[in-house]
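This is upload-v7.json (JSON, C-alpha atoms).
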[["chain", "number", "residue", "atom", "x", "y", "z"],
["A", 182, "MET", "CA", 58.96, 83.69, 14.66],
["A", 183, "ALA", "CA", 62.03, 85.57, 16.09],
["A", 184, "SER", "CA", 61.46, 88.69, 18.16],
["A", 185, "ARG", "CA", 62.75, 91.95, 16.81],
["A", 186, "GLY", "CA", 65.30, 93.89, 18.99],
["A", 187, "LEU", "CA", 65.44, 97.65, 19.46],
["A", 188, "PRO", "CA", 67.36, 99.55, 16.82],
["A", 189, "THR", "CA", 70.95, 100.53, 17.70],
["A", 190, "TRP", "CA", 70.20, 104.23, 17.70],
["A", 191, "ALA", "CA", 67.57, 103.71, 20.44],
["A", 192, "TRP", "CA", 70.12, 101.93, 22.66],
["A", 193, "VAL", "CA", 72.70, 104.69, 22.16],
["A", 194, "THR", "CA", 70.17, 107.44, 22.89],
["A", 195, "GLY", "CA", 68.94, 105.68, 26.04],
["A", 196, "LEU", "CA", 72.45, 105.09, 27.43],
["A", 197, "THR", "CA", 73.51, 108.68, 26.66],
["A", 198, "SER", "CA", 70.45, 110.11, 28.43],
["A", 199, "ALA", "CA", 71.06, 107.91, 31.48],
["A", 200, "ALA", "CA", 74.72, 109.01, 31.64],
["A", 201, "ILE", "CA", 73.74, 112.70, 31.50],
["A", 202, "VAL", "CA", 71.24, 112.23, 34.36],
["A", 203, "VAL", "CA", 73.93, 110.54, 36.49],
["A", 204, "VAL", "CA", 76.51, 113.31, 35.80],
["A", 205, "ILE", "CA", 73.98, 116.06, 36.68],
["A", 206, "GLY", "CA", 73.07, 114.26, 39.91],
["A", 207, "LEU", "CA", 76.74, 113.96, 40.94],
["A", 208, "ALA", "CA", 77.37, 117.66, 40.13],
["A", 209, "VAL", "CA", 74.44, 118.75, 42.34],
["A", 210, "GLN", "CA", 75.73, 116.60, 45.23],
["A", 211, "ALA", "CA", 79.26, 117.98, 44.88],
["A", 212, "GLY", "CA", 78.04, 121.59, 44.84],
["A", 213, "SER", "CA", 76.09, 121.21, 48.08],
["A", 214, "GLY", "CA", 78.89, 119.44, 49.96],
["A", 215, "PRO", "CA", 81.53, 121.08, 52.22],
["A", 216, "LYS", "CA", 84.29, 123.11, 50.59],
["A", 217, "PRO", "CA", 87.94, 122.20, 51.09],
["A", 218, "ALA", "CA", 89.50, 124.01, 54.06],
["A", 219, "ALA", "CA", 92.15, 125.67, 51.86],
["A", 220, "LEU", "CA", 89.45, 127.53, 49.90],
["A", 221, "ASP", "CA", 87.54, 128.61, 53.00],
["A", 222, "ASP", "CA", 90.64, 130.16, 54.62],
["A", 223, "ARG", "CA", 91.65, 132.36, 51.70],
["A", 224, "SER", "CA", 91.34, 136.12, 52.11],
["A", 225, "PRO", "CA", 89.02, 137.80, 49.61],
["A", 226, "VAL", "CA", 90.81, 139.54, 46.76],
["A", 227, "ALA", "CA", 89.95, 143.19, 46.15],
["A", 228, "SER", "CA", 88.58, 144.07, 42.76],
["A", 229, "ALA", "CA", 87.95, 147.30, 40.91],
["A", 230, "SER", "CA", 84.21, 146.76, 41.14],
["A", 231, "GLU", "CA", 84.11, 146.86, 44.96],
["A", 232, "THR", "CA", 82.48, 149.87, 46.62],
["A", 233, "PRO", "CA", 85.16, 152.50, 47.36],
["A", 234, "ARG", "CA", 85.81, 153.54, 50.91],
["A", 235, "PRO", "CA", 83.94, 156.73, 51.88],
["A", 236, "LYS", "CA", 85.84, 159.99, 51.46],
["A", 237, "LYS", "CA", 86.84, 161.86, 54.58],
["A", 238, "SER", "CA", 85.06, 165.08, 55.37],
["A", 239, "LEU", "CA", 86.68, 168.32, 56.50],
["A", 240, "SER", "CA", 86.11, 167.26, 60.08],
["A", 241, "GLU", "CA", 88.35, 164.23, 59.72],
["A", 242, "ASP", "CA", 92.11, 164.09, 59.80],
["A", 243, "GLY", "CA", 93.58, 164.36, 56.30],
["A", 244, "GLU", "CA", 96.25, 161.78, 56.96],
["A", 245, "ASP", "CA", 95.76, 159.29, 59.74],
["A", 246, "GLY", "CA", 91.99, 159.25, 60.00],
["A", 247, "LYS", "CA", 91.88, 160.18, 63.69],
["A", 248, "GLY", "CA", 89.28, 162.87, 63.08],
["A", 249, "GLY", "CA", 87.24, 164.25, 66.02],
["A", 250, "GLU", "CA", 89.56, 163.51, 68.93],
["A", 251, "GLU", "CA", 93.05, 164.92, 68.43],
["A", 252, "SER", "CA", 96.12, 162.98, 69.49],
["A", 253, "ALA", "CA", 99.07, 164.75, 71.11],
["A", 254, "GLY", "CA", 100.94, 164.74, 67.81],
["A", 255, "THR", "CA", 98.15, 166.42, 65.85],
["A", 256, "SER", "CA", 96.67, 168.86, 68.39],
["A", 257, "VAL", "CA", 96.72, 172.55, 67.45],
["A", 258, "PRO", "CA", 99.97, 174.17, 68.66],
["A", 259, "ALA", "CA", 99.39, 176.15, 71.87],
["A", 260, "GLU", "CA", 101.22, 179.30, 70.73],
["A", 261, "SER", "CA", 99.31, 179.73, 67.48],
["A", 262, "GLY", "CA", 96.79, 182.38, 68.45],
["A", 263, "THR", "CA", 93.04, 182.05, 68.61],
["A", 264, "GLY", "CA", 90.06, 182.12, 66.27],
["A", 265, "ARG", "CA", 89.61, 180.85, 62.72],
["A", 266, "ARG", "CA", 93.05, 180.44, 61.18],
["A", 267, "LEU", "CA", 95.45, 178.24, 59.26],
["A", 268, "VAL", "CA", 98.46, 177.07, 61.31],
["A", 269, "TYR", "CA", 101.68, 175.84, 59.69],
["A", 270, "GLY", "CA", 104.18, 174.03, 61.94],
["A", 271, "LEU", "CA", 107.72, 174.15, 60.51],
["A", 272, "GLU", "CA", 109.26, 171.34, 62.59],
["A", 273, "ALA", "CA", 106.16, 169.16, 62.37],
["A", 274, "ASP", "CA", 105.76, 169.73, 58.60],
["A", 275, "ARG", "CA", 102.05, 169.91, 59.36],
["A", 276, "VAL", "CA", 99.11, 172.22, 58.68],
["A", 277, "TRP", "CA", 96.00, 172.67, 60.81],
["A", 278, "LEU", "CA", 92.76, 174.24, 59.56],
["A", 279, "VAL", "CA", 91.28, 175.69, 62.75],
["A", 280, "ASP", "CA", 87.70, 176.91, 63.23],
["A", 281, "ALA", "CA", 86.52, 179.94, 65.24],
["A", 282, "GLY", "CA", 86.20, 177.76, 68.35],
["A", 283, "ASP", "CA", 89.91, 176.79, 68.17],
["A", 284, "LYS", "CA", 89.12, 173.22, 67.06],
["A", 285, "ALA", "CA", 91.13, 171.63, 64.24],
["A", 286, "LEU", "CA", 88.78, 170.83, 61.38],
["A", 287, "ARG", "CA", 91.58, 169.06, 59.53],
["A", 288, "SER", "CA", 95.28, 168.36, 60.08],
["A", 289, "PHE", "CA", 97.74, 166.90, 57.58],
["A", 290, "THR", "CA", 101.44, 166.62, 56.82],
["A", 291, "VAL", "CA", 103.08, 168.70, 54.08],
["A", 292, "TRP", "CA", 106.26, 168.67, 51.99],
["A", 293, "PRO", "CA", 108.04, 172.02, 52.38],
["A", 294, "GLY", "CA", 110.42, 173.54, 49.85],
["A", 295, "THR", "CA", 114.07, 174.28, 50.57],
["A", 296, "LEU", "CA", 113.20, 177.62, 52.21],
["A", 297, "ASP", "CA", 111.00, 178.25, 55.26],
["A", 298, "PRO", "CA", 109.12, 181.43, 56.12],
["A", 299, "GLU", "CA", 109.95, 183.10, 59.42],
["A", 300, "PRO", "CA", 107.59, 182.15, 62.27],
["A", 301, "GLY", "CA", 104.93, 184.81, 62.64],
["A", 302, "GLU", "CA", 101.47, 185.93, 61.59],
["A", 303, "TYR", "CA", 100.55, 186.30, 57.92],
["A", 304, "GLU", "CA", 97.37, 186.09, 55.91],
["A", 305, "ALA", "CA", 96.22, 184.27, 52.80],
["A", 306, "GLY", "CA", 96.72, 186.56, 49.82],
["A", 307, "THR", "CA", 96.61, 185.90, 46.12],
["A", 308, "ARG", "CA", 95.01, 182.63, 45.06],
["A", 309, "THR", "CA", 95.76, 180.89, 41.76],
["A", 310, "ALA", "CA", 93.72, 177.89, 40.61],
["A", 311, "ALA", "CA", 96.53, 176.38, 38.51],
["A", 312, "THR", "CA", 100.05, 177.29, 37.38],
["A", 313, "THR", "CA", 103.58, 175.90, 37.11],
["A", 314, "GLY", "CA", 105.78, 175.87, 40.21],
["A", 315, "SER", "CA", 109.36, 177.16, 40.29],
["A", 316, "ASP", "CA", 110.47, 173.52, 40.07],
["A", 317, "GLY", "CA", 108.61, 173.10, 36.75],
["A", 318, "VAL", "CA", 105.80, 170.96, 38.24],
["A", 319, "ALA", "CA", 102.15, 171.65, 37.30],
["A", 320, "ILE", "CA", 100.44, 172.70, 40.54],
["A", 321, "GLU", "CA", 96.90, 173.57, 41.63],
["A", 322, "HIS", "CA", 95.05, 175.36, 44.44],
["A", 323, "VAL", "CA", 97.89, 177.79, 45.12],
["A", 324, "VAL", "CA", 97.41, 180.04, 48.16],
["A", 325, "TYR", "CA", 100.18, 182.64, 48.66],
["A", 326, "PHE", "CA", 100.73, 183.81, 52.23],
["A", 327, "ALA", "CA", 104.21, 185.38, 52.65],
["A", 328, "PHE", "CA", 107.00, 187.11, 50.73],
["A", 329, "SER", "CA", 110.54, 187.14, 52.06],
["A", 330, "GLY", "CA", 114.06, 187.15, 50.62],
["A", 331, "GLY", "CA", 112.72, 187.67, 47.13],
["A", 332, "VAL", "CA", 110.54, 184.54, 47.14],
["A", 333, "ASN", "CA", 106.82, 183.93, 47.54],
["A", 334, "PHE", "CA", 105.70, 181.29, 50.01],
["A", 335, "ALA", "CA", 102.57, 179.41, 49.00],
["A", 336, "PHE", "CA", 100.59, 176.27, 49.74],
["A", 337, "SER", "CA", 99.73, 174.03, 46.77],
["A", 338, "HIS", "CA", 99.60, 170.48, 45.52],
["A", 339, "ALA", "CA", 101.02, 168.86, 42.40],
["A", 340, "LYS", "CA", 98.34, 168.33, 39.78],
["A", 341, "ASP", "CA", 99.22, 164.63, 39.57],
["A", 342, "GLY", "CA", 99.32, 164.29, 43.37],
["A", 343, "ALA", "CA", 103.00, 163.37, 43.51],
["A", 344, "SER", "CA", 105.31, 164.53, 46.28],
["A", 345, "PRO", "CA", 107.97, 166.96, 45.06],
["A", 346, "ALA", "CA", 111.27, 165.61, 43.80],
["A", 347, "PRO", "CA", 114.52, 166.96, 45.30],
["A", 348, "ALA", "CA", 114.93, 170.61, 44.34],
["A", 349, "ASP", "CA", 118.27, 169.99, 42.58],
["A", 350, "GLY", "CA", 120.00, 173.12, 43.88],
["A", 351, "LYS", "CA", 117.01, 175.44, 43.38],
["A", 352, "GLN", "CA", 115.53, 177.55, 46.13],
["A", 353, "THR", "CA", 111.86, 176.66, 46.42],
["A", 354, "ALA", "CA", 109.28, 178.11, 48.79],
["A", 355, "GLY", "CA", 106.25, 176.03, 47.89],
["A", 356, "VAL", "CA", 104.60, 173.99, 50.63],
["A", 357, "ARG", "CA", 103.12, 170.95, 48.87],
["A", 358, "MET", "CA", 100.51, 168.52, 50.10],
["A", 359, "LYS", "CA", 98.27, 165.70, 48.91],
["A", 360, "VAL", "CA", 95.53, 166.57, 46.42],
["A", 361, "GLN", "CA", 92.63, 166.13, 48.86],
["A", 362, "ASP", "CA", 94.43, 168.25, 51.48],
["A", 363, "GLY", "CA", 95.18, 170.95, 48.92],
["A", 364, "ALA", "CA", 91.51, 171.09, 47.91],
["A", 365, "ALA", "CA", 90.46, 171.39, 51.58],
["A", 366, "LEU", "CA", 93.00, 174.17, 52.22],
["A", 367, "TRP", "CA", 91.83, 176.04, 49.09],
["A", 368, "GLU", "CA", 88.23, 175.87, 50.32],
["A", 369, "PHE", "CA", 89.19, 177.00, 53.84],
["A", 370, "ALA", "CA", 91.79, 179.72, 53.20],
["A", 371, "SER", "CA", 89.98, 182.50, 51.39],
["A", 372, "THR", "CA", 91.86, 185.78, 50.90],
["A", 373, "GLY", "CA", 92.46, 187.41, 54.28],
["A", 374, "THR", "CA", 92.38, 184.19, 56.31],
["A", 375, "PRO", "CA", 95.03, 184.42, 59.08],
["A", 376, "VAL", "CA", 98.04, 182.14, 58.54],
["A", 377, "VAL", "CA", 100.14, 181.51, 61.65],
["A", 378, "VAL", "CA", 103.58, 179.97, 61.15],
["A", 379, "VAL", "CA", 105.03, 178.34, 64.26],
["A", 380, "PRO", "CA", 108.49, 176.78, 64.76]]
Do you think you could lay out the structure here as structure tokens?
Amino acid sequence: MASRGLPTWAWVTGLTSAAIVVVIGLAVQAGSGPKPAALDDRSPVASASETPRPKKSLSEDGEDGKGGEESAGTSVPAESGTGRRLVYGLEADRVWLVDAGDKALRSFTVWPGTLDPEPGEYEAGTRTAATTGSDGVAIEHVVYFAFSGGVNFAFSHAKDGASPAPADGKQTAGVRMKVQDGAALWEFASTGTPVVVVP
């Protein structure tokens, strides 16, 4: 009497199962092995889901992050008075927010208009949360501090954060800055705050 063999489907199922086990075993071994050097040396790519860098506080420099210790280029100008005040350096194109102890709480560069105020002592006057500048740009956190030659001088920032385009023949007296610097100046320079303009 002849012996009966296994049906074909049983052979196919057995061989398929064995092949799957072998492939899984090879995949596990490959995953636990060393990575190619080219992959290990790559720099990580930033993604939108990464944790954002912490925002700077008022005690840190608004531009170069020096904070605390002032460098020679960002120290409060010597001939700018004493006490709590806002100092605007014309040649430096820089503003300092100075506390009552004569320490700069924040210092940042600005983009002046085509006209400069005369050096001297002024004070923060009218404040406007939002308006349109004489150059047609939507601006925010406007702090007026001087009037001369028929124009108002004021600190502000463009609503979209952009630096001002060339004035195209217009006389402008706005002193623009980055959004975060404009918000800090607005918080600091309440009406009556001394504003000292130095050369």
- Task: Excluding Phe328 of chain A and any residue of its chain fewer than 6 positions from it, enumerate the residues within 12 Å of it, using only C-alpha atoms, and give them as a VMD selection string.
- Result: chain A and resid 296 to 299 303 to 307 334 to 335 354 to 355
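Shortest separation to Val323 of chain A among A:Leu267, A:Val291, A:Ala285, A:Ala364 occurs at residue A:Ala364, atoms counted being only C-alpha atoms.
Rounded to one decimal, atom CA of Asp274 of chain A and atom CA of Gln352 of chain A lie 17.7 Å from each other.
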- Between A:Ala273, A:Ala346, A:Val324, A:Ala339, which is the closest to Ser371 of chain A once you count all atoms listed in the file? A:Val324
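The gap separating atom CA of Gly317 of chain A from atom CA of Glu302 of chain A is 28.9 Å, in Å to one decimal.
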- Separation of atom CA of Gly282 of chain A and atom CA of Val360 of chain A, in Å?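 According to the coordinates, atom CA of Gly282 of chain A and atom CA of Val360 of chain A are separated by 26.3 Å.
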- Message: With distances taken over only C-alpha atoms, which residue among A:Pro347, A:Pro300, A:Gly373, A:Gly330 lies nearest Leu271 of chain A?
- Response: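 Selected residue with least distance to Leu271 of chain A: A:Pro300.
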- Task: Around the point (96.9, 170.3, 41.4) in the file's coordinates, collect all residues with an atom within 10 Å, using all atoms listed in the file, and return them as a list in words.
- Result: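 These residues have at least one counted atom within 10 Å: Ala310, Ala311, Thr312, Thr313, Val318, Ala319, Ile320, Glu321, His322, Val323, Ser337, His338, Ala339, Lys340, Asp341, Gly342, Ala343, Arg357, Met358, Lys359, Val360, Gln361, Gly363 and Ala364 of chain A.
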- Query: For Val268 of chain A, which residue among A:Val377, A:Gly350, A:Gly314, A:Phe289 is the nearest when counting only C-alpha atoms?
  - Reply: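 Comparing A:Val377, A:Gly350, A:Gly314, A:Phe289 against Val268 of chain A, the winner is A:Val377.
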How would segment 331-358 of chain A look with N, CA and C atoms restored, written as an mmCIF file, in the coordinates of the input?
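Ended up saving to result-v1.cif:
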data_model
loop_
_atom_site.group_PDB
_atom_site.id
_atom_site.type_symbol
_atom_site.label_atom_id
_atom_site.label_comp_id
_atom_site.auth_asym_id
_atom_site.auth_seq_id
_atom_site.Cartn_x
_atom_site.Cartn_y
_atom_site.Cartn_z
ATOM 1 N N GLY A 331 112.923 187.719 48.571
ATOM 2 C CA GLY A 331 112.720 187.670 47.130
ATOM 3 C C GLY A 331 111.913 186.484 46.641
ATOM 4 N N VAL A 332 111.336 185.698 47.556
ATOM 5 C CA VAL A 332 110.540 184.540 47.140
ATOM 6 C C VAL A 332 109.143 184.601 47.768
ATOM 7 N N ASN A 333 108.193 184.043 47.052
ATOM 8 C CA ASN A 333 106.820 183.930 47.540
ATOM 9 C C ASN A 333 106.614 182.557 48.170
ATOM 10 N N PHE A 334 106.053 182.549 49.362
ATOM 11 C CA PHE A 334 105.700 181.290 50.010
ATOM 12 C C PHE A 334 104.231 181.004 49.735
ATOM 13 N N ALA A 335 103.940 179.774 49.353
ATOM 14 C CA ALA A 335 102.570 179.410 49.000
ATOM 15 C C ALA A 335 102.301 177.942 49.289
ATOM 16 N N PHE A 336 101.058 177.651 49.603
ATOM 17 C CA PHE A 336 100.590 176.270 49.740
ATOM 18 C C PHE A 336 100.047 175.828 48.390
ATOM 19 N N SER A 337 100.255 174.557 48.038
ATOM 20 C CA SER A 337 99.730 174.030 46.770
ATOM 21 C C SER A 337 99.854 172.515 46.778
ATOM 22 N N HIS A 338 99.360 171.912 45.724
ATOM 23 C CA HIS A 338 99.600 170.480 45.520
ATOM 24 C C HIS A 338 99.903 170.240 44.046
ATOM 25 N N ALA A 339 100.717 169.222 43.790
ATOM 26 C CA ALA A 339 101.020 168.860 42.400
ATOM 27 C C ALA A 339 99.746 168.360 41.740
ATOM 28 N N LYS A 340 99.553 168.716 40.497
ATOM 29 C CA LYS A 340 98.340 168.330 39.780
ATOM 30 C C LYS A 340 98.181 166.815 39.745
ATOM 31 N N ASP A 341 99.299 166.084 39.620
ATOM 32 C CA ASP A 341 99.220 164.630 39.570
ATOM 33 C C ASP A 341 99.269 163.992 40.958
ATOM 34 N N GLY A 342 99.338 164.817 42.011
ATOM 35 C CA GLY A 342 99.320 164.290 43.370
ATOM 36 C C GLY A 342 100.648 163.798 43.898
ATOM 37 N N ALA A 343 101.703 163.892 43.088
ATOM 38 C CA ALA A 343 103.000 163.370 43.510
ATOM 39 C C ALA A 343 103.674 164.292 44.522
ATOM 40 N N SER A 344 104.508 163.705 45.372
ATOM 41 C CA SER A 344 105.310 164.530 46.280
ATOM 42 C C SER A 344 106.447 165.133 45.462
ATOM 43 N N PRO A 345 106.939 166.299 45.869
ATOM 44 C CA PRO A 345 107.970 166.960 45.060
ATOM 45 C C PRO A 345 109.289 166.191 45.061
ATOM 46 N N ALA A 346 109.942 166.212 43.911
ATOM 47 C CA ALA A 346 111.270 165.610 43.800
ATOM 48 C C ALA A 346 112.284 166.548 44.453
ATOM 49 N N PRO A 347 113.495 166.062 44.757
ATOM 50 C CA PRO A 347 114.520 166.960 45.300
ATOM 51 C C PRO A 347 114.684 168.198 44.430
ATOM 52 N N ALA A 348 114.915 169.334 45.053
ATOM 53 C CA ALA A 348 114.930 170.610 44.340
ATOM 54 C C ALA A 348 116.118 170.790 43.397
ATOM 55 N N ASP A 349 117.132 169.946 43.500
ATOM 56 C CA ASP A 349 118.270 169.990 42.580
ATOM 57 C C ASP A 349 118.941 171.362 42.568
ATOM 58 N N GLY A 350 119.259 171.871 43.773
ATOM 59 C CA GLY A 350 120.000 173.120 43.880
ATOM 60 C C GLY A 350 119.152 174.373 43.799
ATOM 61 N N LYS A 351 117.867 174.258 43.475
ATOM 62 C CA LYS A 351 117.010 175.440 43.380
ATOM 63 C C LYS A 351 116.467 175.816 44.743
ATOM 64 N N GLN A 352 116.202 177.091 44.923
ATOM 65 C CA GLN A 352 115.530 177.550 46.130
ATOM 66 C C GLN A 352 114.039 177.563 45.867
ATOM 67 N N THR A 353 113.314 176.746 46.608
ATOM 68 C CA THR A 353 111.860 176.660 46.420
ATOM 69 C C THR A 353 111.153 176.998 47.725
ATOM 70 N N ALA A 354 110.032 177.680 47.606
ATOM 71 C CA ALA A 354 109.280 178.110 48.790
ATOM 72 C C ALA A 354 107.867 177.554 48.803
ATOM 73 N N GLY A 355 107.573 176.636 47.918
ATOM 74 C CA GLY A 355 106.250 176.030 47.890
ATOM 75 C C GLY A 355 106.093 175.009 49.000
ATOM 76 N N VAL A 356 104.923 174.989 49.609
ATOM 77 C CA VAL A 356 104.600 173.990 50.630
ATOM 78 C C VAL A 356 103.557 173.080 49.997
ATOM 79 N N ARG A 357 103.985 171.871 49.618
ATOM 80 C CA ARG A 357 103.120 170.950 48.870
ATOM 81 C C ARG A 357 102.407 169.989 49.814
ATOM 82 N N MET A 358 101.310 169.460 49.319
ATOM 83 C CA MET A 358 100.510 168.520 50.100
ATOM 84 C C MET A 358 99.780 167.578 49.155
#
